[in-house]
file upload.cif (mmCIF, C-alpha atoms)
data_start
loop_
_atom_site.label_atom_id
_atom_site.label_comp_id
_atom_site.auth_asym_id
_atom_site.auth_seq_id
_atom_site.Cartn_x
_atom_site.Cartn_y
_atom_site.Cartn_z
CA MET A 934 196.14 297.13 88.15
CA LYS A 935 196.09 300.02 90.63
CA LEU A 936 198.49 302.89 91.29
CA ILE A 937 198.14 304.59 94.68
CA GLN A 938 200.05 307.87 94.62
CA ASN A 939 201.38 310.15 97.34
CA ILE A 940 199.98 308.18 100.29
CA ASP A 941 201.38 308.01 103.82
CA VAL A 942 202.32 304.36 104.35
CA TYR A 943 202.26 302.44 107.64
CA ALA A 944 203.65 299.07 106.62
CA PRO A 945 203.01 298.82 109.68
CA GLN A 946 206.29 300.70 110.32
CA HIS A 947 205.99 304.30 109.14
CA LEU A 948 207.51 304.63 105.65
CA GLY A 949 206.29 308.14 104.88
CA LYS A 950 204.70 309.19 101.59
CA LYS A 951 205.02 306.65 98.80
CA ASP A 952 203.61 305.51 95.49
CA VAL A 953 202.36 301.92 95.57
CA LEU A 954 201.79 299.84 92.43
CA ILE A 955 199.49 296.81 92.50
CA ILE A 956 199.36 294.32 89.65
CA ASN A 957 196.82 291.53 89.92
CA ASP A 958 196.89 290.40 93.57
CA LYS A 959 200.41 291.55 94.51
CA ILE A 960 202.21 294.69 95.61
CA VAL A 961 204.92 294.93 92.95
CA LYS A 962 206.55 298.31 93.58
CA ILE A 963 206.82 300.85 96.41
CA LYS A 964 208.76 304.03 95.67
CA GLY A 965 208.97 307.62 96.88
CA ALA A 966 205.93 309.81 96.25
CA GLY A 967 205.86 310.97 92.63
CA SER A 968 208.36 308.33 91.49
CA ILE A 969 205.94 306.04 89.64
CA CYS A 970 204.42 307.72 86.60
CA ALA A 971 201.20 306.60 84.99
CA ASP A 972 202.62 306.27 81.48
CA GLY A 973 203.28 303.40 79.12
CA PHE A 974 201.52 300.24 80.23
CA LEU A 975 200.68 301.95 83.54
CA SER A 976 198.42 304.38 81.72
CA GLU A 977 195.65 301.79 82.07
CA ALA A 978 196.08 301.51 85.85
CA GLU A 979 193.32 302.66 88.16
CA MET A 980 194.66 305.82 89.78
CA ILE A 981 194.07 306.45 93.49
CA ASN A 982 195.04 309.84 94.86
CA GLY A 983 196.41 309.22 98.33
CA GLU A 984 196.97 312.86 99.28
CA GLY A 985 196.00 313.32 102.94
CA LEU A 986 195.33 309.58 103.41
CA LEU A 987 197.05 306.66 105.14
CA LEU A 988 197.78 303.19 103.78
CA THR A 989 198.01 300.15 106.07
CA PRO A 990 197.99 296.39 105.54
CA GLY A 991 194.55 294.81 105.41
CA PHE A 992 193.36 293.74 108.84
CA ILE A 993 193.70 290.16 110.05
CA ASP A 994 190.96 288.98 112.40
CA CYS A 995 192.51 285.87 113.89
CA HIS A 996 189.52 284.59 115.88
CA VAL A 997 186.11 284.62 114.19
CA HIS A 998 183.18 282.21 114.47
CA VAL A 999 182.55 282.31 110.73
CA LEU A 1000 179.75 279.73 111.03
CA GLY A 1001 178.16 281.72 113.86
CA GLY A 1002 178.34 280.85 117.51
CA GLY A 1003 176.18 280.62 120.57
CA GLY A 1004 173.58 278.14 121.58
CA GLU A 1005 174.47 278.32 125.28
CA GLY A 1006 170.95 279.54 126.00
CA GLY A 1007 169.32 277.07 123.60
CA PHE A 1008 168.86 276.86 119.84
CA ALA A 1009 167.21 280.28 119.59
CA ASN A 1010 170.48 281.91 120.70
CA ARG A 1011 172.59 280.68 117.79
CA THR A 1012 174.26 283.63 116.09
CA PRO A 1013 174.44 284.16 112.29
CA GLU A 1014 177.32 283.25 109.99
CA ALA A 1015 179.93 285.78 108.93
CA THR A 1016 179.85 287.11 105.38
CA MET A 1017 182.66 288.47 103.26
CA GLU A 1018 180.87 291.81 102.97
CA GLY A 1019 180.37 291.94 106.73
CA LEU A 1020 184.10 291.45 107.27
CA THR A 1021 185.63 293.57 104.52
CA LYS A 1022 183.51 296.63 105.30
CA PHE A 1023 185.42 296.77 108.59
CA GLY A 1024 188.81 296.43 106.89
CA VAL A 1025 189.22 292.69 107.45
CA THR A 1026 190.88 291.08 104.42
CA THR A 1027 192.08 287.91 106.19
CA VAL A 1028 190.07 285.87 108.67
CA VAL A 1029 190.83 282.80 110.80
CA GLY A 1030 187.69 280.81 111.56
CA CYS A 1031 187.03 278.60 114.55
CA LEU A 1032 184.36 276.64 116.37
CA GLY A 1033 183.56 277.35 120.00
CA THR A 1034 181.18 275.88 122.55
CA ASP A 1035 179.10 274.12 119.91
CA GLY A 1036 181.14 271.58 117.96
CA ILE A 1037 178.08 269.45 117.20
CA GLY A 1038 175.52 271.69 115.50
CA ARG A 1039 178.48 273.18 113.67
CA ASP A 1040 181.28 270.82 112.68
CA MET A 1041 184.65 270.76 110.93
CA CYS A 1042 183.20 269.79 107.56
CA ALA A 1043 181.01 272.90 107.58
CA LEU A 1044 183.85 275.10 108.88
CA VAL A 1045 186.28 274.05 106.15
CA ALA A 1046 183.56 274.50 103.52
CA LYS A 1047 182.79 277.99 104.83
CA THR A 1048 186.50 278.85 104.83
CA LYS A 1049 186.87 277.67 101.23
CA GLY A 1050 183.84 279.75 100.28
CA LEU A 1051 185.26 282.95 101.77
CA ASN A 1052 188.48 282.36 99.84
CA GLU A 1053 186.58 281.88 96.60
CA GLN A 1054 184.57 285.05 97.22
CA GLY A 1055 187.72 287.15 97.19
CA MET A 1056 189.21 287.44 100.67
CA SER A 1057 191.73 285.22 102.48
CA ALA A 1058 190.51 282.70 105.02
CA TYR A 1059 192.04 280.03 107.24
CA CYS A 1060 190.68 277.97 110.13
CA TYR A 1061 191.51 275.88 113.16
CA THR A 1062 190.52 272.27 113.66
CA GLY A 1063 188.43 271.40 116.72
CA SER A 1064 186.31 273.42 119.13
CA TYR A 1065 186.17 273.88 122.92
CA GLN A 1066 186.28 270.14 123.48
CA ILE A 1067 189.02 267.62 124.16
CA PRO A 1068 189.21 265.01 122.65
CA VAL A 1069 189.32 267.18 119.53
CA HIS A 1070 186.70 266.46 116.86
CA THR A 1071 188.80 266.61 113.68
CA LEU A 1072 187.89 266.45 109.99
CA THR A 1073 190.21 263.51 109.28
CA ASP A 1074 191.26 260.96 111.88
CA SER A 1075 193.83 263.14 113.65
CA ILE A 1076 194.98 266.67 114.41
CA VAL A 1077 198.28 266.05 112.62
CA LYS A 1078 196.56 264.88 109.45
CA ASP A 1079 194.09 267.79 109.46
CA ILE A 1080 196.92 270.32 109.58
CA MET A 1081 199.09 268.47 107.08
CA MET A 1082 196.49 267.64 104.47
CA ILE A 1083 193.83 270.38 104.67
CA GLN A 1084 195.27 273.56 103.18
CA GLU A 1085 193.05 275.94 105.14
CA ILE A 1086 193.74 274.43 108.60
CA ILE A 1087 196.67 276.11 110.37
CA GLY A 1088 196.27 274.83 113.93
CA THR A 1089 193.84 273.69 116.61
CA GLY A 1090 191.23 275.69 118.51
CA GLU A 1091 189.60 277.22 120.21
CA ILE A 1092 190.38 274.77 122.99
CA ALA A 1093 188.73 275.90 126.23
CA ILE A 1094 190.42 275.85 129.61
CA SER A 1095 189.60 277.51 132.94
CA ASP A 1096 185.94 277.63 131.93
CA HIS A 1097 182.83 275.78 133.12
CA ARG A 1098 182.00 275.05 129.44
CA SER A 1099 185.31 273.31 128.79
CA SER A 1100 185.90 269.54 128.82
CA GLN A 1101 187.92 270.02 132.02
CA PRO A 1102 190.98 268.52 130.33
CA THR A 1103 193.81 267.07 132.36
CA PHE A 1104 197.34 268.37 131.88
CA GLU A 1105 198.26 265.24 129.91
CA GLU A 1106 195.27 265.62 127.57
CA PHE A 1107 196.00 269.28 126.93
CA ALA A 1108 199.71 268.71 126.41
CA ARG A 1109 199.00 265.98 123.86
CA VAL A 1110 196.78 268.35 121.85
CA VAL A 1111 199.54 270.97 121.81
CA ALA A 1112 202.16 268.37 120.86
CA ASP A 1113 200.08 266.96 118.01
CA THR A 1114 199.34 270.45 116.74
CA ARG A 1115 203.02 271.35 116.79
CA LEU A 1116 203.90 268.18 114.90
CA GLY A 1117 201.28 268.95 112.26
CA GLY A 1118 202.83 272.38 111.84
CA VAL A 1119 206.37 271.01 111.62
CA LEU A 1120 205.40 268.49 108.95
CA SER A 1121 203.39 270.97 106.87
CA GLY A 1122 205.38 274.18 107.24
CA LYS A 1123 202.45 275.85 108.99
CA ALA A 1124 202.33 277.56 112.36
CA GLY A 1125 200.79 274.63 114.23
CA ILE A 1126 199.26 277.04 116.74
CA VAL A 1127 196.80 276.07 119.47
CA ASN A 1128 194.29 278.87 119.99
CA VAL A 1129 193.24 278.62 123.64
CA HIS A 1130 190.01 280.06 125.04
CA LEU A 1131 190.53 281.35 128.58
CA GLY A 1132 187.54 281.45 130.90
CA ASP A 1133 186.84 283.19 134.20
CA SER A 1134 188.28 280.50 136.47
CA PRO A 1135 191.09 281.54 138.86
CA ARG A 1136 193.14 278.75 137.30
CA CYS A 1137 193.78 281.25 134.48
CA LEU A 1138 196.66 280.03 132.25
CA ASP A 1139 197.77 277.15 134.48
CA LEU A 1140 197.70 274.42 131.82
CA ILE A 1141 199.51 276.63 129.31
CA GLU A 1142 202.20 277.52 131.81
CA ARG A 1143 202.71 273.89 132.71
CA VAL A 1144 203.16 272.90 129.05
CA VAL A 1145 205.80 275.60 128.60
CA ASP A 1146 207.55 274.79 131.91
CA GLU A 1147 207.31 270.99 131.94
CA THR A 1148 207.66 269.95 128.28
CA GLU A 1149 209.94 270.73 125.35
CA ILE A 1150 207.14 272.61 123.55
CA PRO A 1151 207.88 276.34 123.18
CA ALA A 1152 205.41 279.07 124.10
CA SER A 1153 205.29 280.04 120.41
CA GLN A 1154 202.91 277.10 119.76
CA ILE A 1155 200.13 278.59 121.91
CA LEU A 1156 198.01 281.71 121.46
CA PRO A 1157 195.75 282.30 124.48
CA THR A 1158 192.78 284.54 123.75
CA HIS A 1159 190.31 286.59 125.84
CA ILE A 1160 193.24 287.57 128.09
CA ASN A 1161 191.54 290.86 129.01
CA ARG A 1162 188.26 289.31 130.19
CA ASN A 1163 189.03 290.13 133.86
CA GLU A 1164 191.72 291.82 135.91
CA MET A 1165 193.12 288.67 137.53
CA LEU A 1166 193.54 286.89 134.19
CA PHE A 1167 195.07 289.98 132.64
CA GLY A 1168 197.65 290.23 135.41
CA LYS A 1169 198.66 286.59 134.82
CA SER A 1170 198.79 287.28 131.07
CA ILE A 1171 201.30 290.09 131.57
CA GLU A 1172 203.54 287.65 133.43
CA TYR A 1173 203.14 285.08 130.64
CA ALA A 1174 203.87 287.63 127.90
CA LEU A 1175 207.00 288.83 129.72
CA LYS A 1176 208.30 285.27 129.42
CA GLY A 1177 207.89 285.47 125.63
CA GLY A 1178 204.38 284.10 125.15
CA ALA A 1179 202.06 285.64 122.59
CA VAL A 1180 198.69 286.92 123.82
CA ASP A 1181 195.44 287.83 122.08
CA PHE A 1182 193.16 290.62 123.30
CA THR A 1183 189.45 290.35 122.53
CA GLY A 1184 188.01 293.59 121.20
CA ASN A 1185 184.68 294.87 122.46
CA GLU A 1186 182.43 297.41 120.75
CA ASP A 1187 180.40 297.75 123.95
CA ILE A 1188 183.22 298.05 126.48
CA ASP A 1189 181.64 301.17 128.02
CA TYR A 1190 178.73 298.95 129.12
CA TRP A 1191 180.79 295.89 130.07
CA GLU A 1192 183.05 297.99 132.29
CA THR A 1193 179.96 298.75 134.41
CA ILE A 1194 179.14 295.09 135.09
CA CYS A 1195 182.55 293.38 135.26
CA ASP A 1196 186.27 294.07 135.46
CA GLU A 1197 187.04 293.45 131.78
CA VAL A 1198 190.18 295.34 130.79
CA ARG A 1199 189.73 297.86 127.98
CA VAL A 1200 192.04 296.87 125.12
CA CYS A 1201 193.87 300.18 124.78
CA ASN A 1202 194.54 300.30 128.53
CA GLY A 1203 195.70 296.69 128.52
CA ILE A 1204 198.12 297.19 125.64
CA LYS A 1205 199.50 300.33 127.28
CA ARG A 1206 200.02 298.44 130.54
CA MET A 1207 201.81 295.62 128.74
CA LEU A 1208 204.07 298.04 126.89
CA ASP A 1209 204.86 299.86 130.13
CA ALA A 1210 205.69 296.49 131.74
CA GLY A 1211 208.18 295.72 128.98
CA VAL A 1212 206.20 293.21 126.90
CA ASN A 1213 207.47 292.85 123.33
CA PRO A 1214 204.86 294.66 121.16
CA ASP A 1215 205.29 291.99 118.47
CA ARG A 1216 203.71 289.39 120.80
CA MET A 1217 200.31 291.09 121.09
CA THR A 1218 197.31 290.65 118.81
CA ILE A 1219 193.70 291.83 118.84
CA SER A 1220 190.83 289.70 117.53
CA SER A 1221 187.08 290.25 117.54
CA ASP A 1222 185.57 286.90 118.57
CA GLY A 1223 183.36 287.89 115.64
CA GLN A 1224 179.91 286.28 115.36
CA GLY A 1225 180.65 284.55 118.65
CA SER A 1226 178.20 284.80 121.48
CA LEU A 1227 179.10 286.94 124.46
CA PRO A 1228 177.09 285.14 127.14
CA MET A 1229 176.40 286.56 130.56
CA TYR A 1230 176.06 284.19 133.52
CA SER A 1231 175.08 284.65 137.12
CA SER A 1232 177.51 283.74 139.90
CA ASP A 1233 176.00 280.24 140.03
CA GLY A 1234 176.36 279.67 136.26
CA GLU A 1235 172.82 280.53 135.18
CA PHE A 1236 172.57 281.95 131.64
CA LEU A 1237 171.37 285.57 131.74
CA GLY A 1238 171.67 286.86 128.19
CA MET A 1239 173.96 287.23 125.19
CA GLY A 1240 175.69 289.74 122.92
CA VAL A 1241 177.43 289.09 119.58
CA GLY A 1242 181.07 289.84 118.70
CA GLN A 1243 181.73 292.15 115.75
CA SER A 1244 184.83 292.59 113.56
CA SER A 1245 184.13 296.33 113.64
CA CYS A 1246 185.84 296.39 117.04
CA LEU A 1247 189.32 295.93 115.50
CA LEU A 1248 189.64 299.42 114.06
CA LYS A 1249 187.78 300.85 117.06
CA GLU A 1250 190.42 299.38 119.38
CA VAL A 1251 193.25 300.74 117.22
CA LYS A 1252 191.67 304.20 117.33
CA GLU A 1253 191.42 304.05 121.12
CA CYS A 1254 195.06 302.95 121.35
CA VAL A 1255 196.11 305.97 119.30
CA PHE A 1256 193.73 308.64 120.56
CA LYS A 1257 193.07 307.55 124.18
CA THR A 1258 196.40 306.10 125.30
CA GLU A 1259 198.75 307.70 122.74
CA ILE A 1260 200.20 304.43 121.52
CA PRO A 1261 202.01 305.02 118.19
CA LEU A 1262 199.93 304.01 115.18
CA GLU A 1263 202.61 301.64 113.90
CA ILE A 1264 202.43 299.66 117.17
CA ALA A 1265 198.63 299.77 117.37
CA ILE A 1266 198.06 298.71 113.78
CA SER A 1267 200.60 295.86 114.04
CA THR A 1268 198.28 294.07 116.49
CA ILE A 1269 195.83 293.40 113.64
CA THR A 1270 198.30 293.11 110.75
CA SER A 1271 201.93 292.01 111.01
CA ASN A 1272 201.72 290.44 114.47
CA PRO A 1273 199.00 287.87 113.70
CA ALA A 1274 200.58 287.25 110.30
CA ASP A 1275 203.94 286.45 111.89
CA ILE A 1276 202.57 284.44 114.83
CA LEU A 1277 200.29 282.38 112.57
CA ARG A 1278 202.80 282.24 109.68
CA LEU A 1279 200.39 283.66 107.14
CA LYS A 1280 202.66 284.03 104.14
CA GLY A 1281 202.38 287.26 102.18
CA LYS A 1282 200.08 288.82 104.76
CA GLY A 1283 200.25 291.66 107.25
CA LYS A 1284 202.69 294.07 105.58
CA VAL A 1285 202.82 296.71 102.88
CA GLU A 1286 205.86 295.29 101.15
CA GLU A 1287 206.89 294.42 97.63
CA GLY A 1288 205.91 290.84 96.80
CA TYR A 1289 203.24 290.71 99.49
CA ASP A 1290 199.55 290.20 98.79
CA ALA A 1291 197.67 293.36 97.84
CA ASP A 1292 195.50 293.37 100.97
CA LEU A 1293 195.30 297.02 101.98
CA CYS A 1294 193.27 299.57 103.90
CA ILE A 1295 193.12 303.26 103.03
CA LEU A 1296 192.23 305.48 106.00
CA ASP A 1297 191.71 309.17 106.56
CA GLN A 1298 193.51 311.16 109.26
CA GLU A 1299 190.84 310.23 111.81
CA LEU A 1300 191.45 306.53 111.01
CA GLN A 1301 188.09 306.14 109.28
CA LEU A 1302 188.03 303.57 106.49
CA VAL A 1303 188.03 305.06 103.01
CA GLU A 1304 188.75 301.99 100.88
CA VAL A 1305 189.56 298.30 101.39
CA ILE A 1306 191.50 296.26 98.85
CA ALA A 1307 191.65 292.45 99.06
CA LYS A 1308 193.75 290.40 96.65
CA GLY A 1309 194.13 293.50 94.51
CA ASN A 1310 190.41 294.22 94.18
CA THR A 1311 188.43 296.98 95.84
CA VAL A 1312 185.95 295.27 98.14
CA TYR A 1313 184.72 298.32 100.07
CA THR A 1314 184.77 302.06 99.46
CA ASN A 1315 182.98 305.07 100.88
CA LYS A 1316 184.63 307.66 98.66
CA VAL A 1317 184.54 308.45 94.94
CA TYR A 1318 187.99 309.41 93.72
#
call {"tool": "encode", "arguments": {"input": "upload.cif", "output": "structure tokens"}}
result
Amino acid sequence: MKLIQNIDVYAPQHLGKKDVLIINDKIVKIKGAGSICADGFLSEAEMINGEGLLLTPGFIDCHVHVLGGGGEGGFANRTPEATMEGLTKFGVTTVVGCLGTDGIGRDMCALVAKTKGLNEQGMSAYCYTGSYQIPVHTLTDSIVKDIMMIQEIIGTGEIAISDHRSSQPTFEEFARVVADTRLGGVLSGKAGIVNVHLGDSPRCLDLIERVVDETEIPASQILPTHINRNEMLFGKSIEYALKGGAVDFTGNEDIDYWETICDEVRVCNGIKRMLDAGVNPDRMTISSDGQGSLPMYSSDGEFLGMGVGQSSCLLKEVKECVFKTEIPLEIAISTITSNPADILRLKGKGKVEEGYDADLCILDQELQLVEVIAKGNTVYTNKVY
């Protein structure tokens, strides 16, 4: 049991100063500052003085290679697995795991096991079925059955298109994957989202746009990621988002370097441009591509080298939104809290609200992490109260 007093709450909407009571793994009461007294049975609650601090929902990283990624340059380039400690120290209390280029050395059995392990360790974890490839390599005998019968699986991904590493799927093959994923979601009450990796090809979002335009499947079933990887793709992504599609920015801790070698769009600038264009702020998310490889290729496809994605970029991108481009904190923080929770239908996640899971981040005025709470337990702190 915890009682956070006199803290400025961004739920993500700004609620002002409140007292927040946590019992077990739930937020049970939110009242005006000074309204909840630590007497009676609350006298045993852990007291947290929130004076001068901010409270936000715990961060949701909706695209992480929890088993590690890489291998494009050979076995020596495989990246390490994610750990709960490595996620929560950056404010991440909920993670969505996926496979990428390598769906052989890492498979769905291992991904589901890793996801279960993260849940047992004390955070919240989900995953997608499949990898870059089509046909999709599922855990059971179908996409529909994976989503229906495996609790942790909420959709399919990351399916690669417009990329030389993809399976070069036809429109019919891609549409069938989206249709099966939607059906699995309908039958299970889950989102049934297809997480789509977008590469550097000038084809951009062509297959996604065709599914939305030529079938009965709504854009809400698809979440394209890496939309800011180059200027041409980003321009097409603005057009897609203006039609109601959700889009996922990929954060980058080293954007100052990457801007010198390519035309990747800095996240804060991209979000500002989308807002200025009239895109609904609820349709934008930021993910880290955590533990995934960030390969560099020459113009003829030769592998040149590799970086590794980090979940630390989520808060860094929010800070840049607020301090560089003057985007309101409630909009910036929603990209890693309520927006992914709503788009992926993660029940009880993404908001500071009574009845919701007690997944919370406490920040100082400079948006530095002070404490992280997952399922009601403190999992990271850098301050002694």
call {"tool": "closest_residue", "arguments": {"input": "upload.cif", "among": "A:Lys935, A:Arg1143, A:Lys950, A:Lys1308", "to": "Phe974 (chain A)", "atoms": "only C-alpha atoms"}}
result
A:Lys935
call {"tool": "closest_residue", "arguments": {"input": "upload.cif", "among": "A:His1097, A:His1130, A:Lys1252, A:Lys1078", "to": "Asp1113 (chain A)", "atoms": "only C-alpha atoms"}}
result
A:Lys1078
call {"tool": "closest_residue", "arguments": {"input": "upload.cif", "among": "A:Lys1176, A:Ile1269, A:Leu1277, A:Gly1003", "to": "Val1025 (chain A)", "atoms": "only C-alpha atoms"}}
result
A:Ile1269
call {"tool": "residues_around", "arguments": {"input": "upload.cif", "residues": "region 1178-1195 of chain A", "least_positions_apart": "2", "cutoff": "8 Å", "atoms": "only C-alpha atoms", "output": "PyMOL selection string"}}
result
chain A and resi 1152-1153+1155-1163+1170+1173-1176+1197-1200+1216-1222+1242-1243+1245-1247+1249-1250+1276
call {"tool": "write_last_selection", "arguments": {"input": "upload.cif", "atoms": "C-alpha atoms", "output": "PDB file, in the coordinates of the input"}}
result
ATOM      1  CA  ALA A1152     205.410 279.070 124.100  1.00  0.00           C
ATOM      2  CA  SER A1153     205.290 280.040 120.410  1.00  0.00           C
ATOM      3  CA  ILE A1155     200.130 278.590 121.910  1.00  0.00           C
ATOM      4  CA  LEU A1156     198.010 281.710 121.460  1.00  0.00           C
ATOM      5  CA  PRO A1157     195.750 282.300 124.480  1.00  0.00           C
ATOM      6  CA  THR A1158     192.780 284.540 123.750  1.00  0.00           C
ATOM      7  CA  HIS A1159     190.310 286.590 125.840  1.00  0.00           C
ATOM      8  CA  ILE A1160     193.240 287.570 128.090  1.00  0.00           C
ATOM      9  CA  ASN A1161     191.540 290.860 129.010  1.00  0.00           C
ATOM     10  CA  ARG A1162     188.260 289.310 130.190  1.00  0.00           C
ATOM     11  CA  ASN A1163     189.030 290.130 133.860  1.00  0.00           C
ATOM     12  CA  SER A1170     198.790 287.280 131.070  1.00  0.00           C
ATOM     13  CA  TYR A1173     203.140 285.080 130.640  1.00  0.00           C
ATOM     14  CA  ALA A1174     203.870 287.630 127.900  1.00  0.00           C
ATOM     15  CA  LEU A1175     207.000 288.830 129.720  1.00  0.00           C
ATOM     16  CA  LYS A1176     208.300 285.270 129.420  1.00  0.00           C
ATOM     17  CA  GLU A1197     187.040 293.450 131.780  1.00  0.00           C
ATOM     18  CA  VAL A1198     190.180 295.340 130.790  1.00  0.00           C
ATOM     19  CA  ARG A1199     189.730 297.860 127.980  1.00  0.00           C
ATOM     20  CA  VAL A1200     192.040 296.870 125.120  1.00  0.00           C
ATOM     21  CA  ARG A1216     203.710 289.390 120.800  1.00  0.00           C
ATOM     22  CA  MET A1217     200.310 291.090 121.090  1.00  0.00           C
ATOM     23  CA  THR A1218     197.310 290.650 118.810  1.00  0.00           C
ATOM     24  CA  ILE A1219     193.700 291.830 118.840  1.00  0.00           C
ATOM     25  CA  SER A1220     190.830 289.700 117.530  1.00  0.00           C
ATOM     26  CA  SER A1221     187.080 290.250 117.540  1.00  0.00           C
ATOM     27  CA  ASP A1222     185.570 286.900 118.570  1.00  0.00           C
ATOM     28  CA  GLY A1242     181.070 289.840 118.700  1.00  0.00           C
ATOM     29  CA  GLN A1243     181.730 292.150 115.750  1.00  0.00           C
ATOM     30  CA  SER A1245     184.130 296.330 113.640  1.00  0.00           C
ATOM     31  CA  CYS A1246     185.840 296.390 117.040  1.00  0.00           C
ATOM     32  CA  LEU A1247     189.320 295.930 115.500  1.00  0.00           C
ATOM     33  CA  LYS A1249     187.780 300.850 117.060  1.00  0.00           C
ATOM     34  CA  GLU A1250     190.420 299.380 119.380  1.00  0.00           C
ATOM     35  CA  ILE A1276     202.570 284.440 114.830  1.00  0.00           C
TER      36      ILE A1276
END
call {"tool": "atom_distance", "arguments": {"input": "upload.cif", "atom1": "CA of Ser1075 (chain A)", "atom2": "CA of Gly1125 (chain A)"}}
result
13.4 Å
call {"tool": "decode", "arguments": {"input": "upload.cif", "residues": "region 1291-1309 of chain A", "atoms": "C-alpha atoms", "output": "CSV table (one decimal), in the first residue's frame"}}
result
chain,number,residue,atom,x,y,z
A,1291,ALA,CA,-0.7,0.9,-10.4
A,1292,ASP,CA,2.0,1.4,-13.2
A,1293,LEU,CA,3.4,4.9,-12.5
A,1294,CYS,CA,6.4,7.1,-13.1
A,1295,ILE,CA,7.4,9.9,-10.7
A,1296,LEU,CA,9.4,12.7,-12.4
A,1297,ASP,CA,11.0,15.9,-11.4
A,1298,GLN,CA,10.4,19.2,-13.1
A,1299,GLU,CA,13.1,18.5,-15.6
A,1300,LEU,CA,11.4,15.2,-16.5
A,1301,GLN,CA,14.1,13.1,-14.9
A,1302,LEU,CA,12.9,9.8,-13.4
A,1303,VAL,CA,12.7,9.8,-9.7
A,1304,GLU,CA,10.7,6.5,-9.1
A,1305,VAL,CA,9.0,3.8,-11.1
A,1306,ILE,CA,6.1,1.8,-9.8
A,1307,ALA,CA,5.0,-1.4,-11.6
A,1308,LYS,CA,2.0,-3.4,-10.4
A,1309,GLY,CA,2.1,-1.4,-7.2
